[in-house]
Structure formats: structure tokens, C-alpha cells
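Structure first, then comments.
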Amino acid sequence: MIAPKVTPRVVLYEGDSAAPLESSFRGQLMTKILERGFPVTIARSDRQLGSPGSPGREPRMVLGNFSGKLPPAADSTETAGKPLAEFRDISGLDLEAVLSVVDERLADTIDAPSGKRWKPWFPVIDFSRCTNCMQCLSFCLFDVYGATSDGKIQVQNESNCKTDCPACSRVCPEVAIMFPKYKAGPINGDEISSDDVRREGMKVDISALLGGDIYAMLRDRSAKAQSRFSKERDDERALKERQRCLDKLKTTVGNLDVPAEVLSSLPSFDQIQIKADQARQRAQQALAQQAAQKTQ
Amino acid sequence: MSDQPRILYCHCAFAQVIPKDVKQGVLEQLGAAGIEFDCVPDLCEMSANRDPLLQQIAENPDIRIAACYPRAVHGLFVAAGQPLPLAGPEIINMRTLNAAETMEALMKPREASAGIQIHENEFLETSDVGADRT
């Protein structure tokens with residue numbers, strides 16, 4: 001389970017006791033702070049400087065053109081004398097200097113510097129469409145999906161998902177899996193047209209193909225390859241064979257839009273077989289749990 | 001109560017799915033509008049991290065969210081175990097609108113927006129599968 005993470009917030013204060021920020025400076029500053037991974041609030045009144053007592057409220061850093069005189073809220077404290085927020089006067093500082101202030105104080109509060117953060121690419125389920133058929137769980141080789149104790153589908157390991165790979169959404173017969181950062185609809189969350197539904201309906205067959213035949217194809221090719229390699233074990237030839245399989249796979253499942261990096265990093269045929277069997281088993285267990293729930 | 005709902009802007013980091021000029025234009029115009037508003041780096045990242053801020057957002061039905069497709073935004077909140085209310089929140093899609101259109105939608109007085117309430121709200125069949133992971 002992922003532990004909830006509290007990220008500090010930067011407040012750009014432009015209330016009574018601070019001069020407004022220059023427009024383009026404000027825009028650039030907001031962009032740079034957001035790119036560093038921190039939420040930003042534009043505050044025009046003391047109300048936004050922090051209300052004490054909210055459990056789990058994120059720490060705040062308040063920046064403003066205070067001209068040397070911090071607002072009264074800077075002296076406010078939460079219980080136990082903890083300051084409501086840390087105030088910094090940025091009067092006369094240029095963009096880089098302000099960002100240095102932010103970095104100096106907050107950089108160690110995030111897991112990774114900007115540019116090295118995990119691209120949050122993972123499936124998002126539209127539960128108004130999902131029928132808990134477990135096709136996605138059966139299909140995914142990377143344990144992204146799991147099931148709840150009552151047999152409902154759940155995205156359990158987001159970071160296992162292969163960046164830019166939307167393949168599981170294409171095997172979903174209900175168009176219920178979204179990748180919000182995908183380029184096209186309906187996978188990106190766009191409205192679902194009747195054409196999409198019809199196409200996905202056809203995917204019940206395709207998903208059977210994917211759930212079984214892709215792996216079957218890989219297994220078949222594996223068996224043939226093993227037979228051949230048993231006669232002639234040659235690394236270079238094995239590599240060529242693997243590449244040929246991948247090219248064939250790309251041709252066959254090209255419309256899945258699976259990135260080449262994902263295809264080339266697929267585990268060995270034997271591992272695929274094991275993973276596919278495990279996934280299928282978990283899906284069957286979840287379906288059995290669903291059935292048991294219904295009979296109760 | 002203010003004339004306008006609170007505004008939340010998602011900067012949609014990591015991907016170029018929202019054009020840079022739209023994001024920059026919206027940010028600058030919001031800043032120049034003299035209002036208070038909140039910005040977050042990336043709702044997807046917050047959803048994956050179960051960021052407690054999502055709970056605060058979900059508890060306020062009087063909000064307009066500038067982000068991407070409403071179905072996706074609702075899904076991200078559900079995935080984090082903090083579904084948005086059935087009625088109230090409006091989601092403005094910066095993937096399909098330009099900066100001026102986004103600003104127009106964000107700054108509309110409350111009455112004028114009542115009629116464009118989100119059909120996507122029907123997405124919200126609350127599921128508890130988001131938060132309670134095993």
C-alpha cells in the first residue's frame with residue numbers, strides 16, 4: 001500500500017501587507033514552483049495564510065513582496081507554538097533568487113528532483129463502466145492489477161506500469177480503463193462514442209486472443225525456438241530469433257500501441273508463461289469471490 | 001459566498017498533452033485576474049501518492065477544476081479513495097479548450113455555469129476500491 005504523502009505548499013501572498021507581483025514574474029514563478037512538484041496558492045487575504053488546527057495540513061511557505069515588514073499572520077502559531085507557515089520576503093529578488101529560497105527550504109521534502117520524478121503513468125478505472133470481468137488482471141504481466149477482498153478489480157501497483165503502454169485498456173471490453181496522459185480518446189478519458197463501444201465489443205474476441213493467443217503464440221514460438229536451440233545453442237541466433245519474434249509480435253499487435261521498449265523488455269517466454277498463469281489464477285480467484293458474494 | 005467557485009488548476013506535468021501555451025496563458029491570466037486560486041503540479045501524481053490534498057479538494061463541492069477530461073479527473077479522485085461529490089464540481093478540459101476559452105469557463109459567474117453542469121458526474125459511482133489496498 002502506498003503511504004499518503006504530504007507535500008508542502010508555496011503561497012504567493014499579494015494581500016494588504018504585500019505589493020503585487022509583476023504579472024509575467026508571477027506566471028514564471030508559479031510555473032517553476034509547480035515544475036518542482038509543489039502546489040501553489042495565490043492568496044489575496046490573510047485567510048489563505050493558514051487556518052490552524054487542520055490535522056495533516058501541509059506545511060506552507062509564504063512568499064511576498066513584504067518590503068521588510070511581514071504581515072501579522074507571520075507571528076501566528078498553531079498549537080504547541082508551531083508557526084502556521086514560514087514567511088519569506090522576496091522584495092527585490094529576481095526569479096532565480098526566489099527559486100533558490102524555495103529550493104533551499106523545500107527541496108529535501110520531495111522524493112526526487114524535478115526531471116527525475118516518476119512519470120505518473122498508470123491505469124485509472126471508470127467504475128461506472130467496469131464489470132469486474134478481470135480481463136485486465138489476466139492480461140497484465142506486471143502485477144499492476146489486483147483484487148479487493150470481495151473480488152473487485154483494483155489498481156494496486158501503479159509504479160509497476162510500463163510508461164506509455166496502454167495495452168490493458170485495449171483489451172478491456174467495456175472501455176473502462178483510462179490513461180489520462182494518453183494521446184487519444186477514449187483511453188485518455190474522452191467521451192466514449194458508440195463506435196468505441198462497438199470496437200471494444202469486438203475486442204472481447206481480441207482479448208481472448210490476447211489473453212490466450214498472444215501468450216500461446218509466444219509459447220508456441222518458444223517451443224519451436226527451444227527445439228531449434230536444443231539442436232544448435234547459439235547466442236547470436238537466439239538473439240536474432242527473439243528479435244524476429246518481437247517484430248512479428250509488433251506486426252500482430254501493432255494497434256495496441258505498445259512502446260518498443262516495453263516489447264523488448266518483456267521477460268523470457270517461460271517467465272511470461274508463469275506470469276500469465278499466475279495472473280489468470282488471480283483473476284479466477286477474484287471471479288470466484290465475486291460469485292461467492294452474490295450467493296451470500 | 002463568493003460569486004465564483006474556488007479554482008483549482010492542474011499543471012499536468014510530465015506529458016505534453018495540454019499545450020504549453022494553454023497552461024502558461026491560463027496561469028498568467030488567473031494571476032492577473034485578482035482572485036485567489038490553487039495550483040497543483042499534477043493530479044495523476046497526487047492520485048498515485050494518495051495526496052491528502054485530494055481529500056480537501058473533494059470535500060469542497062464549490063470548485064472549478066482546470067485539468068483534462070472530466071471522466072479522467074473523476075477517476076483519479078476515485079482511485080485515490082476521495083471521490084468528488086456527485087453535484088457541484090465543474091471540470092474544465094484544457095486538452096480541448098484554448099487559454100481564452102478555459103478562462104471564460106473558469107471565470108463565469110456561478111449562475112451562468114449552472115446550465116453546463118457536468119454530465120460526466122454520472123461517472124461517479126463511488127467505489128471504495130481506490131484507497132483500501134491490500
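Chain labels A, B, ... are given in the sequence in which chains occur in the C-alpha cells; within each chain residues are numbered consecutively from 1, and ligands are likewise numbered from 1 in the order shown.
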
May I ask you to extract the residues of chain B within 6 Å of chain A, using only C-alpha atoms, and to give them as an mmCIF file with N, CA and C atoms, in the first residue's frame?
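New file out.cif:
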```cif
data_model
loop_
_atom_site.group_PDB
_atom_site.id
_atom_site.type_symbol
_atom_site.label_atom_id
_atom_site.label_comp_id
_atom_site.auth_asym_id
_atom_site.auth_seq_id
_atom_site.Cartn_x
_atom_site.Cartn_y
_atom_site.Cartn_z
ATOM 1 N N PHE B 14 4.921 16.276 -16.714
ATOM 2 C CA PHE B 14 5.435 15.016 -17.286
ATOM 3 C C PHE B 14 4.992 14.725 -18.717
ATOM 4 N N GLU B 28 -1.132 32.710 -16.272
ATOM 5 C CA GLU B 28 -0.883 34.160 -16.242
ATOM 6 C C GLU B 28 -2.179 34.935 -16.105
ATOM 7 N N GLU B 36 -8.140 34.626 -5.730
ATOM 8 C CA GLU B 36 -7.348 33.608 -5.044
ATOM 9 C C GLU B 36 -7.598 32.273 -5.742
ATOM 10 N N PHE B 37 -6.565 31.509 -5.927
ATOM 11 C CA PHE B 37 -6.747 30.194 -6.550
ATOM 12 C C PHE B 37 -5.603 29.266 -6.161
ATOM 13 N N ASP B 38 -5.815 28.003 -6.451
ATOM 14 C CA ASP B 38 -4.820 26.986 -6.101
ATOM 15 C C ASP B 38 -4.324 26.279 -7.358
ATOM 16 N N CYS B 39 -3.059 25.913 -7.328
ATOM 17 C CA CYS B 39 -2.469 25.165 -8.444
ATOM 18 C C CYS B 39 -1.814 23.911 -7.884
ATOM 19 N N VAL B 40 -1.928 22.829 -8.631
ATOM 20 C CA VAL B 40 -1.216 21.607 -8.230
ATOM 21 C C VAL B 40 -0.347 21.137 -9.397
ATOM 22 N N PRO B 41 0.771 20.514 -9.093
ATOM 23 C CA PRO B 41 1.684 20.113 -10.173
ATOM 24 C C PRO B 41 1.086 19.069 -11.105
ATOM 25 N N CYS B 44 -2.528 13.422 -11.527
ATOM 26 C CA CYS B 44 -2.213 11.994 -11.640
ATOM 27 C C CYS B 44 -1.221 11.593 -10.552
ATOM 28 N N GLU B 45 -0.179 12.408 -10.396
ATOM 29 C CA GLU B 45 0.841 12.114 -9.395
ATOM 30 C C GLU B 45 0.229 12.136 -7.993
ATOM 31 N N ASN B 49 -0.028 9.080 -5.320
ATOM 32 C CA ASN B 49 0.579 9.252 -3.990
ATOM 33 C C ASN B 49 -0.445 9.328 -2.871
ATOM 34 N N ARG B 50 -1.737 9.227 -3.213
ATOM 35 C CA ARG B 50 -2.801 9.376 -2.194
ATOM 36 C C ARG B 50 -2.585 10.685 -1.424
ATOM 37 N N ASP B 51 -2.292 11.746 -2.140
ATOM 38 C CA ASP B 51 -2.006 13.030 -1.506
ATOM 39 C C ASP B 51 -3.219 13.506 -0.706
ATOM 40 N N TYR B 69 -9.767 15.676 -19.233
ATOM 41 C CA TYR B 69 -11.110 15.140 -19.444
ATOM 42 C C TYR B 69 -11.800 14.843 -18.109
ATOM 43 N N ARG B 71 -13.979 12.725 -17.169
ATOM 44 C CA ARG B 71 -14.048 11.304 -16.805
ATOM 45 C C ARG B 71 -12.727 10.868 -16.156
ATOM 46 N N ALA B 72 -11.619 11.354 -16.697
ATOM 47 C CA ALA B 72 -10.306 11.011 -16.141
ATOM 48 C C ALA B 72 -10.109 11.658 -14.767
ATOM 49 N N GLY B 75 -12.017 9.871 -12.227
ATOM 50 C CA GLY B 75 -11.379 8.579 -11.982
ATOM 51 C C GLY B 75 -10.162 8.693 -11.080
ATOM 52 N N PHE B 123 -20.321 9.664 -13.887
ATOM 53 C CA PHE B 123 -19.208 8.722 -13.738
ATOM 54 C C PHE B 123 -19.120 8.216 -12.306
ATOM 55 N N GLU B 125 -19.761 6.604 -9.713
ATOM 56 C CA GLU B 125 -20.339 5.519 -8.940
ATOM 57 C C GLU B 125 -19.272 5.183 -7.921
ATOM 58 N N VAL B 129 -12.681 1.015 -3.840
ATOM 59 C CA VAL B 129 -11.517 0.228 -4.222
ATOM 60 C C VAL B 129 -10.254 1.067 -4.350
ATOM 61 N N ARG B 133 -6.177 -0.550 -0.087
ATOM 62 C CA ARG B 133 -5.447 -1.533 -0.879
ATOM 63 C C ARG B 133 -4.916 -2.635 0.004
#
```

Task: chain B: residues DSSP assigns to strand (DSSP E or B), reported as a ChimeraX atom specification - done: /B:6-10,37-40,63-67,90-93

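Between A:Lys32 and the candidates B:Ala13, B:Pro61, B:Asp3, B:Gln56, the tightest atom-to-atom separation, counting only C-alpha atoms, involves B:Ala13.
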
Open item on the list: One number please: atom CA of A:Val171 to atom CA of A:Thr131, in Å, one decimal.
Closed with: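 For atom CA of A:Val171 relative to atom CA of A:Thr131, the distance reads 13.3 Å.
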
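Closest approach to B:Asn93 from the set B:Ile35, B:Met46, B:Val73, B:Ile57 is made by B:Val73, with distances taken over only C-alpha atoms.
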
- [ ] Compile the contact shell of B:Ile91 as number ranges by chain: residues with an atom at most 9 Å away, counting only C-alpha atoms, same-chain residues fewer than 2 positions apart removed.
- [x] B: 63-70, 73, 89, 93, 118, 120

So that I have them on file, write out the residues from the current selection with C-alpha atoms, as a PDB file, in the first residue's frame.
```
ATOM      1  CA  ILE B  63     -14.954  24.258  -7.075  1.00  0.00           C
ATOM      2  CA  ARG B  64     -13.908  24.524 -10.702  1.00  0.00           C
ATOM      3  CA  ILE B  65     -11.022  22.353 -11.768  1.00  0.00           C
ATOM      4  CA  ALA B  66      -8.957  23.250 -14.824  1.00  0.00           C
ATOM      5  CA  ALA B  67      -7.392  19.983 -15.889  1.00  0.00           C
ATOM      6  CA  CYS B  68      -8.179  17.404 -18.549  1.00  0.00           C
ATOM      7  CA  TYR B  69     -11.110  15.140 -19.444  1.00  0.00           C
ATOM      8  CA  PRO B  70     -13.737  15.092 -16.673  1.00  0.00           C
ATOM      9  CA  VAL B  73     -10.314  13.608 -13.359  1.00  0.00           C
ATOM     10  CA  PRO B  89     -17.513  20.443  -9.044  1.00  0.00           C
ATOM     11  CA  ASN B  93     -10.848  20.499 -20.047  1.00  0.00           C
ATOM     12  CA  ILE B 118     -21.203  18.136 -15.927  1.00  0.00           C
ATOM     13  CA  GLU B 120     -19.539  13.408 -16.535  1.00  0.00           C
TER      14      GLU B 120
END
```

TODO: Write down as a PyMOL selection string the residues belonging to stretch 40-83 of chain B that are assigned alpha helix (DSSP H) by DSSP computed on the backbone.
DONE: chain B and resi 43-48+53-58+70-79

Open item on the list: So the first atom is atom CA of A:Asn160 and the second is atom CA of B:Arg95; what is the distance between them in Å, to one decimal place?
Closed with: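 Rounded to one decimal, the two atoms are 26.5 Å apart.
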
Open item on the list: Which residues are near stretch 106-108 of chain B? Cut-off 10 Å, only C-alpha atoms, ignore same chain within fewer than 3 positions. Put them as a PyMOL selection string.
Closed with: chain B and resi 3-9+26+30+33+35+63-66+90-92+100-103+111-114

Open item on the list: Need to verify the contact set: A:Gly92, 12 Å, only C-alpha atoms, exclusion of same-chain residues closer than 4 positions in sequence. Can you return it as number ranges by chain?
Closed with: A: 19, 21-22, 25, 64-68, 96-98

For N, CA, C and O atoms, I'd like the residues from the last selection saved as a PDB file, in the first residue's frame.
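Done, and the output landed in selection_17.pdb:
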```
ATOM      1  N   ALA A  19       3.112  44.065  -1.695  1.00  0.00           N
ATOM      2  CA  ALA A  19       2.922  44.649  -3.032  1.00  0.00           C
ATOM      3  C   ALA A  19       2.663  43.516  -4.022  1.00  0.00           C
ATOM      4  O   ALA A  19       3.210  42.415  -3.869  1.00  0.00           O
ATOM      5  N   LEU A  21       2.818  41.040  -7.210  1.00  0.00           N
ATOM      6  CA  LEU A  21       3.926  40.578  -8.039  1.00  0.00           C
ATOM      7  C   LEU A  21       3.687  41.046  -9.469  1.00  0.00           C
ATOM      8  O   LEU A  21       2.531  41.168  -9.904  1.00  0.00           O
ATOM      9  N   GLU A  22       4.755  41.271 -10.186  1.00  0.00           N
ATOM     10  CA  GLU A  22       4.626  41.663 -11.591  1.00  0.00           C
ATOM     11  C   GLU A  22       4.081  40.462 -12.371  1.00  0.00           C
ATOM     12  O   GLU A  22       4.430  39.313 -12.103  1.00  0.00           O
ATOM     13  N   PHE A  25       6.362  37.862 -14.043  1.00  0.00           N
ATOM     14  CA  PHE A  25       7.185  37.277 -12.978  1.00  0.00           C
ATOM     15  C   PHE A  25       6.350  36.259 -12.200  1.00  0.00           C
ATOM     16  O   PHE A  25       6.807  35.141 -11.914  1.00  0.00           O
ATOM     17  N   GLY A  64       6.195  36.762  -0.380  1.00  0.00           N
ATOM     18  CA  GLY A  64       5.514  38.001  -0.761  1.00  0.00           C
ATOM     19  C   GLY A  64       6.470  39.176  -0.806  1.00  0.00           C
ATOM     20  O   GLY A  64       7.554  39.146  -0.213  1.00  0.00           O
ATOM     21  N   ASN A  65       6.022  40.206  -1.517  1.00  0.00           N
ATOM     22  CA  ASN A  65       6.783  41.468  -1.529  1.00  0.00           C
ATOM     23  C   ASN A  65       6.428  42.240  -0.270  1.00  0.00           C
ATOM     24  O   ASN A  65       5.628  43.173  -0.308  1.00  0.00           O
ATOM     25  N   PHE A  66       6.992  41.850   0.842  1.00  0.00           N
ATOM     26  CA  PHE A  66       6.598  42.435   2.126  1.00  0.00           C
ATOM     27  C   PHE A  66       7.373  43.714   2.453  1.00  0.00           C
ATOM     28  O   PHE A  66       7.120  44.348   3.469  1.00  0.00           O
ATOM     29  N   SER A  67       8.335  44.058   1.642  1.00  0.00           N
ATOM     30  CA  SER A  67       9.151  45.262   1.848  1.00  0.00           C
ATOM     31  C   SER A  67       9.690  45.345   3.272  1.00  0.00           C
ATOM     32  O   SER A  67       9.640  46.390   3.930  1.00  0.00           O
ATOM     33  N   GLY A  68      10.154  44.244   3.743  1.00  0.00           N
ATOM     34  CA  GLY A  68      10.807  44.225   5.047  1.00  0.00           C
ATOM     35  C   GLY A  68       9.882  44.087   6.227  1.00  0.00           C
ATOM     36  O   GLY A  68      10.331  43.889   7.361  1.00  0.00           O
ATOM     37  N   GLU A  96      15.478  33.692 -10.166  1.00  0.00           N
ATOM     38  CA  GLU A  96      16.419  32.669  -9.709  1.00  0.00           C
ATOM     39  C   GLU A  96      16.631  32.747  -8.205  1.00  0.00           C
ATOM     40  O   GLU A  96      16.728  31.726  -7.517  1.00  0.00           O
ATOM     41  N   ALA A  97      16.691  33.967  -7.700  1.00  0.00           N
ATOM     42  CA  ALA A  97      16.920  34.138  -6.258  1.00  0.00           C
ATOM     43  C   ALA A  97      15.724  33.617  -5.463  1.00  0.00           C
ATOM     44  O   ALA A  97      15.893  32.969  -4.423  1.00  0.00           O
ATOM     45  N   VAL A  98      14.523  33.860  -5.967  1.00  0.00           N
ATOM     46  CA  VAL A  98      13.329  33.369  -5.267  1.00  0.00           C
ATOM     47  C   VAL A  98      13.315  31.839  -5.297  1.00  0.00           C
ATOM     48  O   VAL A  98      13.025  31.187  -4.289  1.00  0.00           O
TER      49      VAL A  98
END
```

TODO: Work out how far apart atom CA of A:Cys133 and atom CA of A:Cys172 are and give it in Å to one decimal.
DONE: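 We find that atom CA of A:Cys133 and atom CA of A:Cys172 lie 8.8 Å from each other.
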
Open item on the list: With only C-alpha atoms as the counted atoms, please give the residues lying no more than 8 Å from B:Lys23, apart from itself and same-chain residues fewer than 5 positions off, as number ranges by chain.
Closed with: B: 11, 18, 94, 99

Residues just named, written with N, CA, C and O atoms as a PDB file, in the first residue's frame:
```
ATOM      1  N   HIS B  11      -1.344  21.523 -13.392  1.00  0.00           N
ATOM      2  CA  HIS B  11      -0.291  21.865 -14.356  1.00  0.00           C
ATOM      3  C   HIS B  11       0.080  20.694 -15.261  1.00  0.00           C
ATOM      4  O   HIS B  11       0.893  20.840 -16.167  1.00  0.00           O
ATOM      5  N   ILE B  18      -1.377  18.687 -22.552  1.00  0.00           N
ATOM      6  CA  ILE B  18      -2.003  20.011 -22.555  1.00  0.00           C
ATOM      7  C   ILE B  18      -0.959  20.980 -23.118  1.00  0.00           C
ATOM      8  O   ILE B  18       0.150  21.076 -22.590  1.00  0.00           O
ATOM      9  N   MET B  94      -8.660  21.469 -20.371  1.00  0.00           N
ATOM     10  CA  MET B  94      -7.656  22.257 -21.097  1.00  0.00           C
ATOM     11  C   MET B  94      -7.059  21.495 -22.278  1.00  0.00           C
ATOM     12  O   MET B  94      -6.273  22.051 -23.042  1.00  0.00           O
ATOM     13  N   ALA B  99      -6.546  28.804 -24.154  1.00  0.00           N
ATOM     14  CA  ALA B  99      -6.423  29.540 -22.884  1.00  0.00           C
ATOM     15  C   ALA B  99      -7.608  30.478 -22.666  1.00  0.00           C
ATOM     16  O   ALA B  99      -8.160  30.566 -21.556  1.00  0.00           O
TER      17      ALA B  99
END
```
